>>> print(open('model_27.txt').read())   # compact mmCIF, C-alpha atoms
# COMPACT_ATOMS: atom_id res chain seq x y z
CA MET B 1 102.74 112.66 229.49
CA SER B 2 104.83 115.67 228.39
CA THR B 3 103.67 117.77 225.43
CA ILE B 4 105.17 120.29 223.07
CA HIS B 5 103.71 123.19 221.16
CA PHE B 6 103.99 123.02 217.41
CA VAL B 7 103.25 125.97 215.13
CA CYS B 8 102.51 125.14 211.46
CA PRO B 9 104.97 127.04 209.29
CA ASN B 10 102.33 127.40 206.58
CA CYS B 11 99.18 128.58 208.37
CA SER B 12 100.69 129.42 211.84
CA ASN B 13 98.21 127.14 213.50
CA ALA B 14 99.40 126.22 217.06
CA ILE B 15 98.99 122.61 218.00
CA GLU B 16 99.86 120.80 221.24
CA LEU B 17 101.44 117.47 220.49
CA PRO B 18 103.02 114.66 222.53
CA SER B 19 106.74 115.15 222.91
CA GLN B 20 107.60 111.79 221.40
CA LEU B 21 106.41 113.10 217.99
CA GLU B 22 109.14 115.68 217.83
CA GLY B 23 111.32 115.24 214.79
CA ARG B 24 108.75 113.32 212.93
CA GLN B 25 106.77 114.38 209.86
CA GLY B 26 103.12 115.15 210.19
CA VAL B 27 100.25 116.89 208.39
CA CYS B 28 98.68 120.06 209.68
CA PRO B 29 95.01 119.37 210.44
CA SER B 30 94.10 122.84 209.30
CA CYS B 31 95.91 123.35 205.96
CA LYS B 32 96.89 119.75 205.33
CA THR B 33 100.49 120.76 204.69
CA PRO B 34 103.11 118.15 205.64
CA SER B 35 105.98 119.36 207.78
CA ILE B 36 108.56 118.21 210.43
CA VAL B 37 107.25 118.50 214.03
CA THR B 38 109.46 120.83 216.12
CA ALA B 39 108.85 122.39 219.53
CA ALA B 40 108.01 126.10 219.44
CA ALA B 41 110.02 128.61 221.66
CA ALA B 42 108.54 129.41 225.07
CA SER B 43 106.57 132.64 225.29
CA PRO B 44 104.86 134.43 228.17
CA PRO B 45 101.46 133.14 228.76
CA GLN B 46 98.64 135.18 227.43
CA GLN B 47 95.05 135.28 228.28
CA GLN B 48 93.48 133.29 225.56
CA ALA B 49 90.35 131.48 225.10
CA PRO B 50 90.59 127.99 226.16
CA ILE B 51 92.15 126.01 223.38
CA GLN B 52 90.13 123.13 222.29
CA GLN B 53 92.44 120.34 221.91
CA GLN B 54 91.98 118.79 218.54
CA GLN B 55 92.98 115.32 218.20
CA PRO B 56 95.68 115.48 215.53
CA GLN B 57 95.79 112.91 212.90
CA TYR B 58 99.10 111.29 213.30
CA GLN B 59 100.81 109.40 210.75
CA GLN B 60 102.90 106.52 211.66
CA PRO B 61 106.50 107.51 211.50
CA VAL B 62 108.04 106.53 208.29
CA PRO B 63 111.66 106.49 207.39
CA GLN B 64 112.88 109.68 205.93
CA GLN B 65 112.70 109.58 202.23
CA ALA B 66 113.52 111.92 199.51
CA PRO B 67 111.18 114.88 199.51
CA ILE B 68 107.93 113.97 197.90
CA GLN B 69 107.22 115.96 194.82
CA GLN B 70 103.77 117.37 194.88
CA GLN B 71 101.84 115.70 192.20
CA GLN B 72 99.18 117.47 190.35
CA PRO B 73 95.83 115.87 190.87
CA GLN B 74 94.95 113.56 188.04
CA TYR B 75 91.44 113.89 186.91
CA GLN B 76 89.96 110.89 185.37
CA GLN B 77 88.13 111.58 182.20
CA PRO B 78 84.67 110.14 181.99
CA PRO B 79 84.82 106.68 180.50
CA VAL B 80 84.42 106.68 176.79
CA PRO B 81 81.82 104.22 175.68
CA GLN B 82 83.58 101.37 174.06
CA GLN B 83 82.85 100.97 170.43
CA ALA B 84 83.20 97.94 168.37
CA PRO B 85 86.68 97.82 166.88
CA ILE B 86 86.66 99.34 163.48
CA GLN B 87 87.86 96.87 160.97
CA GLN B 88 90.04 98.58 158.52
CA GLN B 89 88.76 97.62 155.16
CA GLU B 90 91.05 97.46 152.23
CA PRO B 91 89.93 99.94 149.60
CA GLN B 92 88.24 98.08 146.83
CA TYR B 93 88.95 99.55 143.48
CA GLN B 94 86.29 98.91 140.98
CA GLN B 95 87.53 98.31 137.53
CA PRO B 96 85.87 100.52 134.94
CA PRO B 97 82.99 98.66 133.38
CA VAL B 98 83.94 97.00 130.15
CA PRO B 99 81.52 98.03 127.42
CA GLN B 100 79.52 95.06 126.42
CA GLN B 101 79.93 94.13 122.87
CA ALA B 102 77.56 92.25 120.74
CA PRO B 103 78.46 88.57 120.76
CA ILE B 104 80.74 87.79 117.92
CA GLN B 105 79.17 85.25 115.72
CA GLN B 106 81.66 82.92 114.28
CA GLN B 107 81.11 82.90 110.64
CA GLN B 108 81.65 79.71 108.88
CA PRO B 109 84.21 80.18 106.17
CA GLN B 110 82.44 80.53 102.93
CA TYR B 111 84.18 78.75 100.23
CA GLN B 112 83.54 80.10 96.86
CA GLN B 113 82.53 77.45 94.55
CA GLN B 114 84.67 77.57 91.62
CA THR B 115 82.67 78.00 88.54
CA PRO B 116 83.31 74.95 86.49
CA VAL B 117 85.21 75.91 83.45
CA PRO B 118 83.28 74.72 80.48
CA GLN B 119 85.24 72.10 78.76
CA GLN B 120 86.23 73.20 75.41
CA ALA B 121 87.06 71.07 72.57
CA PRO B 122 90.79 70.65 72.26
CA VAL B 123 92.18 73.33 70.07
CA GLN B 124 93.67 71.82 67.08
CA GLN B 125 96.71 73.63 65.99
CA GLN B 126 96.19 74.49 62.45
CA GLN B 127 99.19 74.42 60.32
CA PRO B 128 99.61 77.65 58.44
CA GLN B 129 98.50 77.24 54.89
CA TYR B 130 100.90 78.71 52.47
CA GLN B 131 100.11 79.50 48.96
CA GLN B 132 101.77 76.99 46.78
CA GLN B 133 103.15 79.36 44.22
CA THR B 134 105.24 76.64 42.66
CA VAL B 135 102.17 74.43 42.01
CA PHE B 136 99.93 77.27 40.76
CA PRO B 137 102.19 79.83 39.17
CA GLY B 138 100.45 82.95 37.89
CA LEU B 139 97.34 82.61 40.11
CA GLY B 140 96.41 84.86 43.01
CA GLN B 141 94.00 84.43 45.90
CA GLY B 142 90.36 84.53 44.84
CA SER B 143 87.02 85.49 46.37
CA SER B 144 83.60 83.84 46.20
CA SER B 145 80.08 85.07 45.48
CA VAL B 146 76.68 83.43 44.97
CA ASN B 147 75.95 82.23 41.42
CA THR B 148 72.39 83.51 40.91
CA PHE B 149 71.99 81.71 37.61
CA ARG B 150 72.39 78.29 39.17
CA VAL B 151 70.19 79.31 42.10
CA PHE B 152 67.19 79.81 39.80
CA PHE B 153 67.96 77.12 37.23
CA ASN B 154 68.84 74.21 39.44
CA PHE B 155 67.38 71.60 41.74
CA TRP B 156 66.51 73.20 45.02
CA PHE B 157 67.01 70.04 47.07
CA LEU B 158 70.70 69.98 46.05
CA MET B 159 71.29 73.22 47.95
CA ILE B 160 70.09 71.50 51.13
CA PHE B 161 72.95 69.00 51.03
CA TYR B 162 75.72 70.87 49.15
CA GLY B 163 75.07 74.52 49.95
CA MET B 164 74.62 77.48 47.65
CA PRO B 165 76.11 77.44 44.16
CA ILE B 166 79.03 79.89 44.14
CA THR B 167 81.50 81.41 41.71
CA VAL B 168 85.14 81.76 42.78
CA ARG B 169 87.13 84.37 40.85
CA ILE B 170 90.89 83.77 40.92
CA PRO B 171 93.05 86.57 39.44
CA ILE B 172 95.70 85.81 36.84
CA THR B 173 98.98 87.62 37.51
CA ALA B 174 100.68 89.56 34.79
CA GLY B 175 102.85 87.57 32.38
CA HIS B 176 100.85 84.36 32.74
CA SER B 177 98.22 82.84 30.47
CA GLY B 178 94.76 81.67 31.41
CA GLU B 179 95.22 78.28 29.73
CA ASN B 180 98.04 77.34 32.03
CA GLY B 181 95.89 78.36 35.02
CA ILE B 182 92.93 76.25 33.78
CA ASP B 183 95.16 73.21 33.40
CA ALA B 184 96.57 73.71 36.89
CA LEU B 185 93.09 73.97 38.49
CA ALA B 186 91.79 70.97 36.51
CA GLY B 187 94.71 68.92 37.78
CA LEU B 188 93.89 70.01 41.36
CA PHE B 189 90.30 68.72 41.14
CA LEU B 190 91.34 65.54 39.34
CA ASN B 191 93.64 64.77 42.26
CA ASN B 192 90.61 65.04 44.57
CA GLY B 193 88.51 62.42 42.75
CA PHE B 194 86.83 64.55 40.08
CA VAL B 195 86.48 63.24 36.52
CA LYS B 196 86.93 65.32 33.41
CA ARG B 197 83.90 65.25 31.06
CA THR B 198 84.65 64.86 27.38
CA LEU B 199 81.13 64.66 25.91
CA GLY B 200 80.27 68.09 24.53
CA ALA B 201 83.44 69.59 25.98
CA SER B 202 84.19 71.31 22.66
CA LEU B 203 80.90 73.20 22.90
CA LEU B 204 81.80 74.92 26.16
CA SER B 205 84.77 77.04 27.03
CA GLY B 206 87.09 75.89 29.74
CA VAL B 207 86.95 72.50 31.49
CA THR B 208 83.93 70.62 32.96
CA LEU B 209 84.53 68.25 35.89
CA LYS B 210 82.14 65.63 37.30
CA CYS B 211 81.90 65.50 41.10
CA PRO B 212 82.76 62.16 42.67
CA GLY B 213 79.57 60.10 43.25
CA ALA B 214 77.31 62.62 41.49
CA PHE B 215 74.33 61.36 39.43
CA PHE B 216 73.28 64.70 37.97
CA ALA B 217 75.25 66.95 35.67
CA VAL B 218 73.96 69.97 37.53
CA ARG B 219 76.65 69.27 40.18
CA ASP B 220 79.44 69.56 37.62
CA VAL B 221 82.26 72.01 38.28
CA ARG B 222 83.32 74.36 35.54
CA VAL B 223 86.66 76.16 35.24
CA LYS B 224 86.86 78.90 32.62
CA GLU B 225 88.72 82.13 31.81
CA VAL B 226 86.83 85.42 32.05
CA GLY B 227 88.90 88.50 31.36
CA ASP B 228 91.98 88.66 33.59
CA SER B 229 90.75 85.99 36.02
CA LEU B 230 89.61 82.39 36.21
CA GLU B 231 86.13 81.41 37.39
CA VAL B 232 85.43 78.18 39.23
CA ILE B 233 81.65 77.46 39.37
CA GLY B 234 80.13 74.77 41.57
CA TYR B 235 78.42 74.02 44.90
CA GLN B 236 80.04 75.39 48.02
CA ALA B 237 80.54 71.96 49.59
CA ASP B 238 82.24 70.64 46.46
CA ILE B 239 84.82 73.34 45.68
CA SER B 240 85.42 75.76 48.58
CA SER B 241 87.37 73.37 50.86
CA ILE B 242 89.64 72.25 48.02
CA LEU B 243 90.51 75.80 46.99
CA LYS B 244 91.05 76.90 50.60
CA GLU B 245 93.52 74.12 51.27
CA VAL B 246 95.85 75.38 48.53
CA GLY B 247 95.39 79.04 49.39
CA LEU B 248 93.37 80.05 46.31
CA LEU B 249 90.32 81.13 48.37
CA ASN B 250 89.94 83.27 51.45
CA HIS B 251 88.96 81.45 54.64
>>> encode(input="model_27.txt", output="structure tokens")
Amino acid sequence: MSTIHFVCPNCSNAIELPSQLEGRQGVCPSCKTPSIVTAAAASPPQQQAPIQQQQPQYQQPVPQQAPIQQQQPQYQQPPVPQQAPIQQQEPQYQQPPVPQQAPIQQQQPQYQQQTPVPQQAPVQQQQPQYQQQTVFPGLGQGSSSVNTFRVFFNFWFLMIFYGMPITVRIPITAGHSGENGIDALAGLFLNNGFVKRTLGASLLSGVTLKCPGAFFAVRDVRVKEVGDSLEVIGYQADISSILKEVGLLNH
């Protein structure tokens, strides 16, 4: 078998190779550099130590390819311990706490009881009482007072039923006589059921009138002239309402 001498272009290591490997690519066993195997030029023999033939590591011929780019060694990082997949939690936003309020007590509507309006007696419209000047000409409106004489010289039980004995003084206007006023008042009482007394009438001034249904003369009504006024004497229940109706006495 013929051999050739191959010198590594990288480390200048001389290697004896079979001739059939010429033109093929191999790896230097010393520096591990790939290169194309070519026969070295002949040189005079030198005294050298016997060359130990190293069995080269041949690579099977491969078709020529594009030059292989030297790749940087990739270092594997130590395996990272696998962790449980982190579940991405949606941020939970807490609503601000609502201040607790005292429970609202539903109040029952309180209905105000309407105070019952006290029933009043129907108001009777009183017709205005006008002084009848045409019926009693020359007489004004009078006033009443208690007749003390009759209080002491009378039957006390009569005052229980007919009130206090009073004297009503009715003024006589200027230009009029007292006699005409006495006749006018006597006619007023006669129209209300009184009776004119004739027995002993000449002994007393004025006119004496008997009350309707009376049994005692002490209830008699007297009408007389005193100064510039007329006096009507009798019990309050017998004379005041009659004189008020015609406007001769204050209400």
>>> residues_around(input="model_27.txt", residues="B:Cys28", least_positions_apart="4", cutoff="10 Å", atoms="only C-alpha atoms", output="list in words")
Phe6, Val7, Cys8, Pro9, Asn10, Cys11, Ser12, Asn13, Ala14, Ile15, Lys32, Thr33, Pro34, Ser35, Val37, Pro56, Gln57 and Tyr58 of chain B
>>> residues_around(input="model_27.txt", residues="stretch 138-153 of chain B", least_positions_apart="4", cutoff="12 Å", atoms="only C-alpha atoms", output="short mmCIF file (atom, residue, chain, number, x, y, z; two decimals) with C-alpha atoms, in the frame of the given file")
data_model
loop_
_atom_site.label_atom_id
_atom_site.label_comp_id
_atom_site.auth_asym_id
_atom_site.auth_seq_id
_atom_site.Cartn_x
_atom_site.Cartn_y
_atom_site.Cartn_z
CA TYR B 130 100.90 78.71 52.47
CA GLN B 131 100.11 79.50 48.96
CA GLN B 132 101.77 76.99 46.78
CA GLN B 133 103.15 79.36 44.22
CA THR B 134 105.24 76.64 42.66
CA PHE B 157 67.01 70.04 47.07
CA LEU B 158 70.70 69.98 46.05
CA MET B 159 71.29 73.22 47.95
CA ILE B 160 70.09 71.50 51.13
CA GLY B 163 75.07 74.52 49.95
CA MET B 164 74.62 77.48 47.65
CA PRO B 165 76.11 77.44 44.16
CA ILE B 166 79.03 79.89 44.14
CA THR B 167 81.50 81.41 41.71
CA VAL B 168 85.14 81.76 42.78
CA ARG B 169 87.13 84.37 40.85
CA ILE B 170 90.89 83.77 40.92
CA PRO B 171 93.05 86.57 39.44
CA ILE B 172 95.70 85.81 36.84
CA THR B 173 98.98 87.62 37.51
CA ALA B 174 100.68 89.56 34.79
CA GLY B 175 102.85 87.57 32.38
CA HIS B 176 100.85 84.36 32.74
CA SER B 177 98.22 82.84 30.47
CA GLY B 178 94.76 81.67 31.41
CA GLU B 179 95.22 78.28 29.73
CA ASN B 180 98.04 77.34 32.03
CA GLY B 181 95.89 78.36 35.02
CA ILE B 182 92.93 76.25 33.78
CA ASP B 183 95.16 73.21 33.40
CA ALA B 184 96.57 73.71 36.89
CA LEU B 185 93.09 73.97 38.49
CA VAL B 218 73.96 69.97 37.53
CA ARG B 219 76.65 69.27 40.18
CA ASP B 220 79.44 69.56 37.62
CA VAL B 221 82.26 72.01 38.28
CA GLU B 225 88.72 82.13 31.81
CA ASP B 228 91.98 88.66 33.59
CA SER B 229 90.75 85.99 36.02
CA LEU B 230 89.61 82.39 36.21
CA GLU B 231 86.13 81.41 37.39
CA VAL B 232 85.43 78.18 39.23
CA ILE B 233 81.65 77.46 39.37
CA GLY B 234 80.13 74.77 41.57
CA TYR B 235 78.42 74.02 44.90
CA GLN B 236 80.04 75.39 48.02
CA ILE B 239 84.82 73.34 45.68
CA SER B 240 85.42 75.76 48.58
CA LEU B 243 90.51 75.80 46.99
CA LYS B 244 91.05 76.90 50.60
CA GLU B 245 93.52 74.12 51.27
CA VAL B 246 95.85 75.38 48.53
CA GLY B 247 95.39 79.04 49.39
CA LEU B 248 93.37 80.05 46.31
CA LEU B 249 90.32 81.13 48.37
CA ASN B 250 89.94 83.27 51.45
CA HIS B 251 88.96 81.45 54.64
#
>>> closest_residue(input="model_27.txt", among="B:Leu17, B:Ala102, B:Gly26, B:Lys210", to="B:Thr198", atoms="all atoms listed in the file")
B:Lys210
>>> closest_residue(input="model_27.txt", among="B:Asn192, B:Gln119, B:Thr38, B:Ser30", to="B:Pro18", atoms="all atoms listed in the file")
B:Thr38
